[in-house]
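Novice: See protein.txt below, with compact mmCIF, C-alpha atoms and all ligand atoms.
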```txt
# COMPACT_ATOMS: atom_id res chain seq x y z
CA TYR A 1 0.00 0.00 0.00
CA THR A 2 1.38 3.40 -0.95
CA LYS A 3 -0.94 6.31 -0.07
CA PRO A 4 -4.65 7.20 -0.08
CA PRO A 5 -6.39 7.50 -3.46
CA THR A 6 -8.55 10.54 -4.19
CA GLU A 7 -11.56 8.44 -5.17
CA PHE A 8 -11.32 4.77 -6.26
CA PRO A 9 -8.00 3.01 -5.56
CA VAL A 10 -5.75 2.82 -8.61
CA VAL A 11 -4.55 -0.69 -9.48
CA GLY A 12 -0.75 -0.88 -9.43
CA GLU A 13 -0.48 2.51 -7.76
CA THR A 14 -2.50 2.63 -4.51
CA VAL A 15 -1.74 -1.02 -3.89
CA LYS A 16 1.06 -2.69 -5.77
CA ILE A 17 3.05 -5.89 -5.69
CA SER A 18 6.58 -5.76 -4.34
CA LYS A 19 9.21 -8.41 -3.80
CA SER A 20 11.27 -9.08 -0.72
CA THR A 21 13.00 -12.13 0.69
CA ILE A 22 12.44 -14.10 3.87
CA ASP A 23 14.75 -16.78 5.24
CA LEU A 24 12.50 -19.73 6.01
CA ASP A 25 15.36 -21.67 7.61
CA ALA A 26 16.51 -18.99 10.07
CA PRO A 27 15.91 -19.88 13.77
CA LEU A 28 12.80 -18.21 15.18
CA PRO A 29 13.02 -15.99 18.28
CA GLU A 30 10.88 -17.11 21.21
CA GLY A 31 7.17 -16.38 20.69
CA ASP A 32 7.42 -15.91 16.93
CA ILE A 33 5.72 -17.92 14.20
CA LEU A 34 6.26 -18.36 10.48
CA LEU A 35 3.18 -18.48 8.28
CA LYS A 36 2.46 -19.49 4.75
CA ASN A 37 -0.56 -17.39 3.80
CA LEU A 38 -3.23 -19.28 1.90
CA VAL A 39 -6.26 -17.03 1.59
CA LEU A 40 -6.70 -13.23 1.73
CA SER A 41 -10.03 -11.56 2.30
CA VAL A 42 -10.82 -8.48 0.22
CA ASP A 43 -13.40 -6.30 1.98
CA PRO A 44 -15.02 -2.89 1.44
CA TYR A 45 -13.87 -1.50 4.82
CA MET A 46 -10.28 -1.62 3.54
CA ARG A 47 -11.04 1.51 1.51
CA GLY A 48 -11.73 3.34 4.78
CA ARG A 49 -8.26 2.43 6.04
CA MET A 50 -6.75 4.18 3.01
CA ARG A 51 -6.85 7.60 4.61
CA ASP A 52 -4.65 10.20 6.24
CA PRO A 53 -3.37 8.41 9.41
CA ALA A 54 -4.14 11.59 11.42
CA ILE A 55 -7.87 10.89 10.94
CA ASP A 56 -9.12 8.56 13.63
CA SER A 57 -11.64 5.80 12.94
CA TYR A 58 -12.60 2.37 14.21
CA ALA A 59 -9.98 0.54 12.10
CA PRO A 60 -6.46 2.02 12.00
CA ALA A 61 -5.35 3.76 8.82
CA PHE A 62 -2.92 1.76 6.69
CA GLU A 63 0.60 3.01 7.12
CA TYR A 64 2.07 4.49 3.95
CA ASP A 65 4.46 2.23 2.03
CA SER A 66 3.76 -0.82 4.16
CA VAL A 67 2.36 -4.30 3.72
CA LEU A 68 -1.42 -4.31 3.37
CA THR A 69 -3.28 -6.03 6.18
CA GLY A 70 -6.68 -7.65 6.41
CA ASP A 71 -8.31 -10.98 7.21
CA THR A 72 -6.26 -14.01 6.19
CA VAL A 73 -6.01 -17.73 6.60
CA GLY A 74 -2.50 -19.08 6.95
CA LEU A 75 -0.67 -22.28 7.72
CA VAL A 76 1.87 -22.35 10.54
CA ILE A 77 5.05 -23.72 8.98
CA LYS A 78 7.28 -23.06 11.98
CA SER A 79 6.51 -22.08 15.55
CA ASN A 80 8.43 -21.04 18.63
CA ASN A 81 5.21 -20.12 20.43
CA PRO A 82 3.38 -22.60 22.69
CA LYS A 83 -0.02 -21.38 21.39
CA PHE A 84 0.69 -22.48 17.82
CA SER A 85 1.92 -25.76 16.37
CA GLN A 86 3.37 -26.49 12.98
CA GLY A 87 0.47 -27.45 10.69
CA ASP A 88 -2.13 -25.32 12.49
CA LEU A 89 -4.44 -23.28 10.32
CA VAL A 90 -4.77 -19.78 11.68
CA TYR A 91 -7.22 -16.99 11.01
CA GLY A 92 -5.61 -13.58 10.87
CA ARG A 93 -8.17 -11.84 12.97
CA THR A 94 -10.11 -8.89 11.61
CA SER A 95 -7.66 -6.76 9.68
CA LEU A 96 -4.51 -8.00 11.38
CA GLY A 97 -3.28 -10.59 8.87
CA TYR A 98 -0.51 -9.64 6.44
CA PHE A 99 -1.15 -9.68 2.70
CA GLU A 100 2.04 -11.47 1.68
CA GLU A 101 3.01 -14.99 0.67
CA TYR A 102 4.98 -15.75 3.84
CA SER A 103 4.90 -13.87 7.13
CA HIS A 104 7.29 -13.82 10.03
CA VAL A 105 4.97 -12.80 12.87
CA LYS A 106 6.40 -11.50 16.13
CA GLY A 107 5.32 -13.03 19.45
CA SER A 108 2.82 -10.66 21.03
CA TYR A 109 1.38 -9.70 17.66
CA ALA A 110 0.86 -13.38 16.86
CA ASP A 111 -0.92 -13.90 20.19
CA GLU A 112 -3.27 -10.97 19.64
CA SER A 113 -3.93 -11.38 15.96
CA TYR A 114 -4.22 -15.06 15.15
CA VAL A 115 -6.62 -17.76 16.28
CA VAL A 116 -6.36 -21.42 15.43
CA ARG A 117 -9.21 -22.77 13.31
CA ASN A 118 -10.25 -26.36 12.74
CA ASP A 119 -8.77 -27.90 9.66
CA PRO A 120 -11.60 -27.58 7.11
CA LYS A 121 -10.49 -30.84 5.54
CA THR A 122 -12.05 -32.51 8.57
CA ASN A 123 -15.49 -31.09 7.80
CA GLY A 124 -15.20 -30.68 4.04
CA LEU A 125 -15.87 -26.94 4.02
CA PRO A 126 -13.66 -24.74 1.82
CA LEU A 127 -10.83 -22.91 3.52
CA SER A 128 -12.06 -19.60 2.10
CA TYR A 129 -15.21 -19.90 4.24
CA TYR A 130 -13.14 -18.89 7.26
CA VAL A 131 -12.84 -15.35 5.88
CA GLY A 132 -16.39 -15.32 4.53
CA VAL A 133 -19.46 -17.07 5.79
CA LEU A 134 -17.64 -18.28 8.93
CA GLY A 135 -15.56 -15.13 9.28
CA MET A 136 -16.15 -11.43 9.69
CA PRO A 137 -18.89 -11.05 7.02
CA GLY A 138 -20.98 -13.98 8.28
CA LEU A 139 -20.70 -12.81 11.87
CA SER A 140 -21.73 -9.29 10.80
CA ALA A 141 -24.86 -10.70 9.18
CA TYR A 142 -25.76 -12.78 12.23
CA VAL A 143 -25.11 -10.18 14.92
CA GLY A 144 -26.43 -7.30 12.83
CA LEU A 145 -29.76 -8.91 12.10
CA LYS A 146 -30.38 -10.64 15.42
CA LYS A 147 -29.05 -8.07 17.85
CA TYR A 148 -29.72 -4.76 16.11
CA GLY A 149 -32.65 -5.79 13.89
CA ARG A 150 -34.66 -7.38 16.71
CA PRO A 151 -36.64 -9.36 14.13
CA LYS A 152 -40.15 -10.73 14.70
CA SER A 153 -41.62 -13.42 12.49
CA GLY A 154 -43.77 -12.01 9.68
CA GLU A 155 -41.95 -8.68 9.47
CA THR A 156 -40.52 -7.34 6.20
CA LEU A 157 -36.74 -7.22 5.91
CA TYR A 158 -35.11 -5.31 3.04
CA ILE A 159 -31.41 -5.81 2.24
CA SER A 160 -29.22 -3.74 -0.11
CA ALA A 161 -26.04 -5.27 -1.64
CA ALA A 162 -28.00 -8.43 -0.94
CA SER A 163 -25.93 -10.92 -2.96
CA GLY A 164 -22.67 -9.89 -1.31
CA ALA A 165 -20.55 -11.47 1.39
CA VAL A 166 -22.78 -10.18 4.19
CA GLY A 167 -26.12 -9.68 2.42
CA GLN A 168 -26.63 -13.25 1.21
CA ILE A 169 -26.29 -14.52 4.80
CA VAL A 170 -28.59 -11.83 6.21
CA GLY A 171 -31.29 -12.94 3.76
CA GLN A 172 -30.97 -16.63 4.54
CA ILE A 173 -31.01 -16.07 8.30
CA GLY A 174 -34.00 -13.77 7.79
CA LYS A 175 -35.91 -16.51 5.99
CA ALA A 176 -35.04 -19.00 8.74
CA LEU A 177 -36.47 -16.52 11.30
CA GLY A 178 -39.77 -16.32 9.41
CA LEU A 179 -39.28 -12.88 7.89
CA TYR A 180 -40.54 -11.69 4.52
CA VAL A 181 -37.24 -10.96 2.76
CA VAL A 182 -36.59 -8.62 -0.16
CA GLY A 183 -33.19 -7.73 -1.59
CA SER A 184 -31.60 -5.61 -4.28
CA ALA A 185 -28.39 -6.13 -6.23
CA GLY A 186 -26.57 -4.63 -9.19
CA SER A 187 -27.04 -7.26 -11.93
CA ASP A 188 -29.69 -9.65 -13.21
CA ASP A 189 -27.48 -12.67 -12.36
CA LYS A 190 -27.24 -11.51 -8.78
CA VAL A 191 -31.02 -11.02 -8.63
CA GLU A 192 -31.54 -14.54 -9.99
CA TYR A 193 -29.27 -15.89 -7.23
CA LEU A 194 -31.31 -14.10 -4.54
CA LYS A 195 -34.44 -15.82 -5.84
CA GLU A 196 -32.63 -19.18 -5.75
CA LEU A 197 -31.80 -18.51 -2.10
CA GLY A 198 -35.52 -18.16 -1.35
CA PHE A 199 -35.83 -14.36 -1.13
CA ASP A 200 -39.51 -13.38 -1.43
CA GLY A 201 -38.60 -10.55 -3.77
CA ALA A 202 -35.48 -9.23 -5.50
CA PHE A 203 -34.68 -6.52 -8.02
CA ASN A 204 -31.85 -4.92 -9.94
CA TYR A 205 -31.49 -1.42 -8.49
CA LYS A 206 -29.47 -0.27 -11.51
CA THR A 207 -32.13 -1.01 -14.13
CA GLU A 208 -35.39 -0.76 -12.16
CA ASN A 209 -37.15 2.16 -10.53
CA ILE A 210 -36.26 1.66 -6.85
CA ASP A 211 -39.33 3.43 -5.48
CA ALA A 212 -41.74 1.48 -7.70
CA LYS A 213 -40.04 -1.81 -6.84
CA LEU A 214 -40.14 -1.17 -3.08
CA THR A 215 -43.86 -0.34 -3.39
CA GLU A 216 -44.49 -3.54 -5.35
CA LEU A 217 -42.24 -5.95 -3.39
CA CYS A 218 -42.73 -4.56 0.11
CA PRO A 219 -46.51 -3.92 0.10
CA LYS A 220 -46.65 -3.78 3.90
CA GLY A 221 -43.70 -1.37 4.13
CA ILE A 222 -40.23 -2.08 5.52
CA ASP A 223 -39.81 -3.07 9.18
CA ILE A 224 -36.08 -3.81 9.09
CA TYR A 225 -33.54 -2.42 6.66
CA PHE A 226 -30.08 -4.03 6.54
CA GLU A 227 -28.10 -1.08 5.25
CA SER A 228 -24.89 -1.61 3.27
CA VAL A 229 -25.14 1.09 0.65
CA GLY A 230 -26.26 4.51 1.99
CA GLY A 231 -26.82 7.56 -0.24
CA SER A 232 -29.97 7.65 -2.36
CA MET A 233 -30.80 4.03 -1.47
CA LEU A 234 -31.21 5.05 2.16
CA GLU A 235 -33.42 7.93 1.11
CA HIS A 236 -35.72 5.56 -0.79
CA VAL A 237 -35.89 3.17 2.15
CA LEU A 238 -36.79 5.94 4.63
CA ASN A 239 -39.81 6.73 2.42
CA HIS A 240 -40.96 3.10 2.72
CA ALA A 241 -40.06 2.45 6.38
CA ASN A 242 -42.80 1.55 8.84
CA ASN A 243 -43.26 3.21 12.23
CA PHE A 244 -40.89 1.72 14.82
CA GLY A 245 -38.75 0.21 12.06
CA ARG A 246 -35.10 -0.68 12.60
CA ILE A 247 -32.23 0.34 10.35
CA ILE A 248 -29.14 -1.77 10.85
CA ALA A 249 -26.36 0.47 9.57
CA CYS A 250 -23.66 -2.04 8.60
CA GLY A 251 -22.05 -0.02 5.81
CA MET A 252 -22.58 2.71 3.21
CA ILE A 253 -20.42 1.62 0.29
CA SER A 254 -21.84 4.16 -2.16
CA GLN A 255 -20.07 6.85 -0.12
CA TYR A 256 -16.61 5.27 0.25
CA ASN A 257 -15.00 6.50 -2.97
CA THR A 258 -16.52 9.91 -3.39
CA GLN A 259 -15.48 13.39 -2.32
CA ASN A 260 -19.14 14.47 -2.51
CA PRO A 261 -21.23 12.50 -0.01
CA TYR A 262 -24.91 12.22 -0.94
CA GLY A 263 -27.14 14.50 1.15
CA VAL A 264 -30.03 12.33 2.36
CA ARG A 265 -33.02 14.70 2.39
CA ASN A 266 -35.62 12.89 4.48
CA LEU A 267 -33.82 12.08 7.74
CA LEU A 268 -36.77 13.66 9.57
CA TYR A 269 -38.51 10.30 9.09
CA ILE A 270 -36.20 8.89 11.76
CA VAL A 271 -38.09 11.11 14.20
CA THR A 272 -41.63 10.98 12.85
CA LYS A 273 -41.59 7.21 12.23
CA ARG A 274 -39.71 6.57 15.52
CA LEU A 275 -37.03 4.55 13.73
CA ALA A 276 -34.09 2.93 15.49
CA PHE A 277 -30.96 3.69 13.44
CA ASP A 278 -28.09 1.61 14.83
CA GLY A 279 -24.58 1.73 13.46
CA PHE A 280 -22.45 -1.21 14.52
CA ILE A 281 -18.91 -2.47 14.04
CA ILE A 282 -18.51 -6.19 14.26
CA MET A 283 -14.98 -5.99 15.68
CA ASP A 284 -16.25 -4.32 18.86
CA LYS A 285 -15.89 -6.60 21.88
CA GLU A 286 -19.61 -6.48 22.60
CA ASN A 287 -20.23 -8.06 19.17
CA MET A 288 -17.25 -10.43 19.00
CA VAL A 289 -18.64 -12.27 22.04
CA TYR A 290 -21.05 -13.97 19.63
CA GLU A 291 -18.23 -15.39 17.50
CA GLU A 292 -17.97 -18.81 19.11
CA GLU A 293 -21.74 -19.40 19.15
CA PHE A 294 -21.95 -18.18 15.56
CA ILE A 295 -19.17 -20.38 14.16
CA LYS A 296 -20.69 -23.44 15.81
CA THR A 297 -24.21 -22.70 14.58
CA CYS A 298 -23.20 -21.65 11.11
CA THR A 299 -20.86 -24.62 10.55
CA GLN A 300 -23.83 -26.86 11.34
CA TRP A 301 -26.09 -24.94 8.92
CA LEU A 302 -23.49 -25.29 6.16
CA LEU A 303 -22.96 -29.00 6.77
CA GLU A 304 -26.72 -29.61 6.74
CA GLY A 305 -27.07 -27.59 3.51
CA LYS A 306 -29.37 -25.08 5.21
CA ILE A 307 -27.43 -22.12 3.89
CA LYS A 308 -25.51 -21.58 0.68
CA TYR A 309 -22.57 -19.31 0.09
CA ARG A 310 -21.38 -17.76 -3.14
CA GLU A 311 -17.80 -16.54 -3.58
CA THR A 312 -15.59 -14.97 -6.23
CA ILE A 313 -12.12 -16.45 -5.85
CA VAL A 314 -9.14 -15.16 -7.79
CA ASP A 315 -5.86 -17.04 -7.86
CA GLY A 316 -2.55 -15.36 -7.08
CA ILE A 317 -1.58 -12.60 -4.71
CA GLU A 318 -0.72 -10.38 -7.69
CA ASN A 319 -4.44 -10.05 -8.42
CA THR A 320 -5.24 -8.50 -5.02
CA PRO A 321 -5.23 -4.82 -6.13
CA GLN A 322 -7.70 -5.57 -8.93
CA ALA A 323 -9.87 -7.69 -6.60
CA LEU A 324 -10.12 -4.78 -4.20
CA LEU A 325 -11.21 -2.42 -6.95
CA ASP A 326 -13.71 -5.02 -8.17
CA VAL A 327 -15.44 -5.12 -4.76
CA LEU A 328 -15.72 -1.34 -4.68
CA LYS A 329 -17.14 -1.35 -8.22
CA GLY A 330 -19.57 -4.24 -7.65
CA ARG A 331 -17.80 -6.66 -9.99
CA ASN A 332 -17.57 -9.35 -7.30
CA PHE A 333 -20.42 -11.85 -7.03
CA GLY A 334 -20.56 -12.97 -3.41
CA LYS A 335 -17.57 -12.94 -1.09
CA GLN A 336 -14.37 -11.75 -2.78
CA VAL A 337 -11.36 -13.85 -1.87
CA VAL A 338 -7.78 -14.13 -3.11
CA GLN A 339 -6.30 -17.62 -3.05
CA VAL A 340 -2.56 -17.18 -2.58
CA THR A 341 -1.73 -20.83 -2.95
CA SER A 342 -3.65 -24.07 -2.83
CA PHE A 343 -3.78 -26.04 0.38
P1 LIG A 401 -20.03 -7.21 -0.84
O1 LIG A 401 -19.58 -8.59 -1.05
O2 LIG A 401 -21.49 -6.93 -0.76
O3 LIG A 401 -19.38 -6.31 -1.96
C1 LIG A 401 -19.71 -4.97 -2.07
C2 LIG A 401 -20.95 -4.80 -2.95
O4 LIG A 401 -21.49 -3.51 -2.74
C3 LIG A 401 -20.65 -4.83 -4.44
O5 LIG A 401 -20.56 -6.13 -4.93
C4 LIG A 401 -21.83 -4.08 -5.02
O6 LIG A 401 -22.91 -4.99 -5.22
C5 LIG A 401 -22.22 -3.13 -3.89
N1 LIG A 401 -21.87 -1.76 -4.27
C6 LIG A 401 -20.66 -1.29 -4.60
N2 LIG A 401 -20.73 0.02 -4.90
C7 LIG A 401 -22.01 0.38 -4.77
C8 LIG A 401 -22.71 1.60 -4.95
N3 LIG A 401 -22.11 2.72 -5.32
N4 LIG A 401 -24.04 1.59 -4.72
C9 LIG A 401 -24.67 0.46 -4.35
N5 LIG A 401 -24.05 -0.73 -4.16
C10 LIG A 401 -22.73 -0.76 -4.36
O7 LIG A 401 -19.36 -6.60 0.47
P2 LIG A 401 -19.58 -7.07 1.97
O8 LIG A 401 -20.75 -7.97 2.03
O9 LIG A 401 -18.29 -7.53 2.51
O10 LIG A 401 -19.95 -5.70 2.71
C11 LIG A 401 -21.25 -5.15 2.56
C12 LIG A 401 -21.33 -3.87 3.39
O11 LIG A 401 -21.18 -4.18 4.76
C13 LIG A 401 -20.27 -2.84 3.07
O12 LIG A 401 -20.85 -1.57 3.18
C14 LIG A 401 -19.24 -3.04 4.15
O13 LIG A 401 -18.48 -1.89 4.38
C15 LIG A 401 -20.13 -3.40 5.32
N6 LIG A 401 -19.52 -4.19 6.39
C16 LIG A 401 -19.57 -3.67 7.66
C17 LIG A 401 -19.12 -4.38 8.74
C18 LIG A 401 -19.28 -3.80 10.10
O14 LIG A 401 -18.65 -4.28 11.04
N7 LIG A 401 -20.08 -2.77 10.26
C19 LIG A 401 -18.52 -5.71 8.56
C20 LIG A 401 -18.56 -6.20 7.19
C21 LIG A 401 -19.02 -5.44 6.16
P3 LIG A 401 -24.05 -4.72 -6.32
O15 LIG A 401 -23.59 -5.32 -7.60
O16 LIG A 401 -25.23 -5.36 -5.75
O17 LIG A 401 -24.15 -3.22 -6.44
```
Since I need it in another form, could you write the structure as structure tokens?
Ligand code: NDP

Specialist:
Amino acid sequence: YTKPPTEFPVVGETVKISKSTIDLDAPLPEGDILLKNLVLSVDPYMRGRMRDPAIDSYAPAFEYDSVLTGDTVGLVIKSNNPKFSQGDLVYGRTSLGYFEEYSHVKGSYADESYVVRNDPKTNGLPLSYYVGVLGMPGLSAYVGLKKYGRPKSGETLYISAASGAVGQIVGQIGKALGLYVVGSAGSDDKVEYLKELGFDGAFNYKTENIDAKLTELCPKGIDIYFESVGGSMLEHVLNHANNFGRIIACGMISQYNTQNPYGVRNLLYIVTKRLAFDGFIIMDKENMVYEEEFIKTCTQWLLEGKIKYRETIVDGIENTPQALLDVLKGRNFGKQVVQVTSF
């Protein structure tokens, strides 16, 4: 990573590939581990870390001219730390994994940043699931909907960016909880997928009239909005929200790459309709406490075929800058992952 872009990141400039060497045979100081990185997670919040480091936010700004960090899955190839054994698969916890082929991780950083995961070969689930459906995006869907959405059977749930890493899980959990679920996405293929997942309604927000579609597909209004987009989409939803509705503000991706944030004109509805508008960050301790329960429950759902998960996987670390731009431009279909090497 070099320095913040003005709007969208520029491939080969904002993030570029560089070569360095690492001695895999050198003795490891006490507490350190050596990792072979297998999977890198490309997520929208990474754009927010590309900012002037003087500006504070929930996730630290990337340091200029340093290795990009994010969620990763790696294999411990050497360990001088009692918490990790050679052969362990580790999850580089929320934004603390290094985006490189091999990593020499120092003791205390290893302890804070990495957790051992079960070998997916034992349950047949793909390794990439640990940064997707079983990782930060899946947990965001689960905690966001259940804790902040306070769903009641029969209510209408509307989801934007619904085919994405988070949205597709929100919709499937919503159906399991007895909600009437409607989603929007940016292509006809994505809309088709939402219907296959059992959404009660789905539309392409780029080609359809959003207001007309919300009137048609949410005839009883919107009780819960899982917000990932912001801008004019939020404005449309506020027009269709029911009294005492809940807006789960997970993200606002339409605003991440612009110098001119959209001015939402009807925020007064938050007052007059008595809406709860809750922003949340999944990495907060109060939300991470659900991680263990979630991984157990969700692994079971996946093994029983109760939920499906769509991913876009690109091979090779050199494709990471493009993959990041793709997510911010909506070219990913489902969770965007970079496979560094096969396992
Ligand atoms: P996705 O897999 O959904 O990928 C992003 C998607 O956003 C794109 O595929 C695209 O889908 C859509 N999109 C991109 N630009 C726009 C735009 N200008 N207007 C409308 N839609 C756009 O990403 P995630 O599921 O990982 O993340 C979804 C949201 O949740 C993001 O806002 C992210 O920042 C947030 N998030 C927040 C967390 C938290 O702790 N609060 C944790 C995880 C994610 P389409 O083709 O449908 O337009």

Novice: Residues at most 7 Å from ligand LIG 401 (chain A), using only C-alpha atoms and all ligand atoms? Could they come as a PyMOL selection string?

Specialist: chain A and resi 43-45+136-137+140+161-167+184-187+228-229+250-255+280-283+327-336

Novice: Check the smallest atom-to-atom distance from each of A:His104, A:Lys285, A:Arg51, A:Arg93 to Leu28 in chain A using only C-alpha atoms, then report the winner.

Specialist: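 Checking each candidate against Leu28 in chain A, we get A:His104 as the closest.
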
Novice: Just how far from CA of Asn257 in chain A is CA of Asn239 in chain A, in Å to one decimal?

Specialist: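 The value is 25.4 Å.
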
Novice: Just to confirm, what's the straight-line distance from CA of Leu134 in chain A to CA of Ser108 in chain A in Å (one decimal)?

Specialist: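 About the pair CA of Leu134 in chain A and CA of Ser108 in chain A: they are 25.0 Å apart.
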
Novice: Quote the spacing between CA of Ala212 in chain A and CA of Val182 in chain A in Å to one decimal place.

Specialist: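 Between CA of Ala212 in chain A and CA of Val182 in chain A the gap is 13.6 Å.
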
Novice: A:Leu267, A:Ile22, A:Ile222, A:Ile295: which is nearest Tyr130 in chain A, counting only C-alpha atoms?

Specialist: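 Closest to Tyr130 in chain A of all the choices is A:Ile295.
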
Novice: Identify which of the residues A:Lys36, A:Arg150, A:Lys206, A:Lys195 lies closest to Phe226 in chain A, counting only C-alpha atoms when measuring atom-to-atom distances.

Specialist: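 Using only C-alpha atoms, the shortest distance to Phe226 in chain A belongs to A:Arg150.
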
Novice: Within 9 Å of range 151-158 of chain A, which residues of range 168-242 of chain A show up? Give each one with its shortest atom-to-atom distance in Å (one decimal) and the two atoms involved, counting all atoms listed in the file, rows by chain then rising residue number, as CSV.

Specialist:
```
residue,atom,partner,partner_atom,distance
A:Gly171,CA,A:Leu157,CA,8.2
A:Gly174,CA,A:Leu157,CA,7.3
A:Leu177,CA,A:Ser153,CA,6.1
A:Gly178,CA,A:Ser153,CA,4.6
A:Leu179,CA,A:Gly154,CA,4.9
A:Tyr180,CA,A:Thr156,CA,4.7
A:Val181,CA,A:Leu157,CA,4.9
A:Val182,CA,A:Tyr158,CA,4.8
A:Gly183,CA,A:Tyr158,CA,5.6
A:Ser184,CA,A:Tyr158,CA,8.1
A:Leu214,CA,A:Tyr158,CA,8.9
A:Cys218,CA,A:Thr156,CA,7.0
A:Lys220,CA,A:Thr156,CA,7.5
A:Gly221,CA,A:Thr156,CA,7.1
A:Ile222,CA,A:Thr156,CA,5.3
A:Asp223,CA,A:Thr156,CA,5.3
A:Ile224,CA,A:Leu157,CA,4.7
A:Tyr225,CA,A:Tyr158,CA,4.9
A:Phe226,CA,A:Tyr158,CA,6.3
A:Glu227,CA,A:Tyr158,CA,8.5
A:Val237,CA,A:Tyr158,CA,8.6
```

Novice: Near Thr258 in chain A, within 9 Å and counting only C-alpha atoms, which residues show up once chain neighbours fewer than 4 positions away are dropped, as a JSON list (two decimals) with C-alpha atoms, keeping the file's coordinate frame?

Specialist:
```json
[["chain", "number", "residue", "atom", "x", "y", "z"],
["A", 6, "THR", "CA", -8.55, 10.54, -4.19],
["A", 7, "GLU", "CA", -11.56, 8.44, -5.17],
["A", 8, "PHE", "CA", -11.32, 4.77, -6.26],
["A", 254, "SER", "CA", -21.84, 4.16, -2.16]]
```
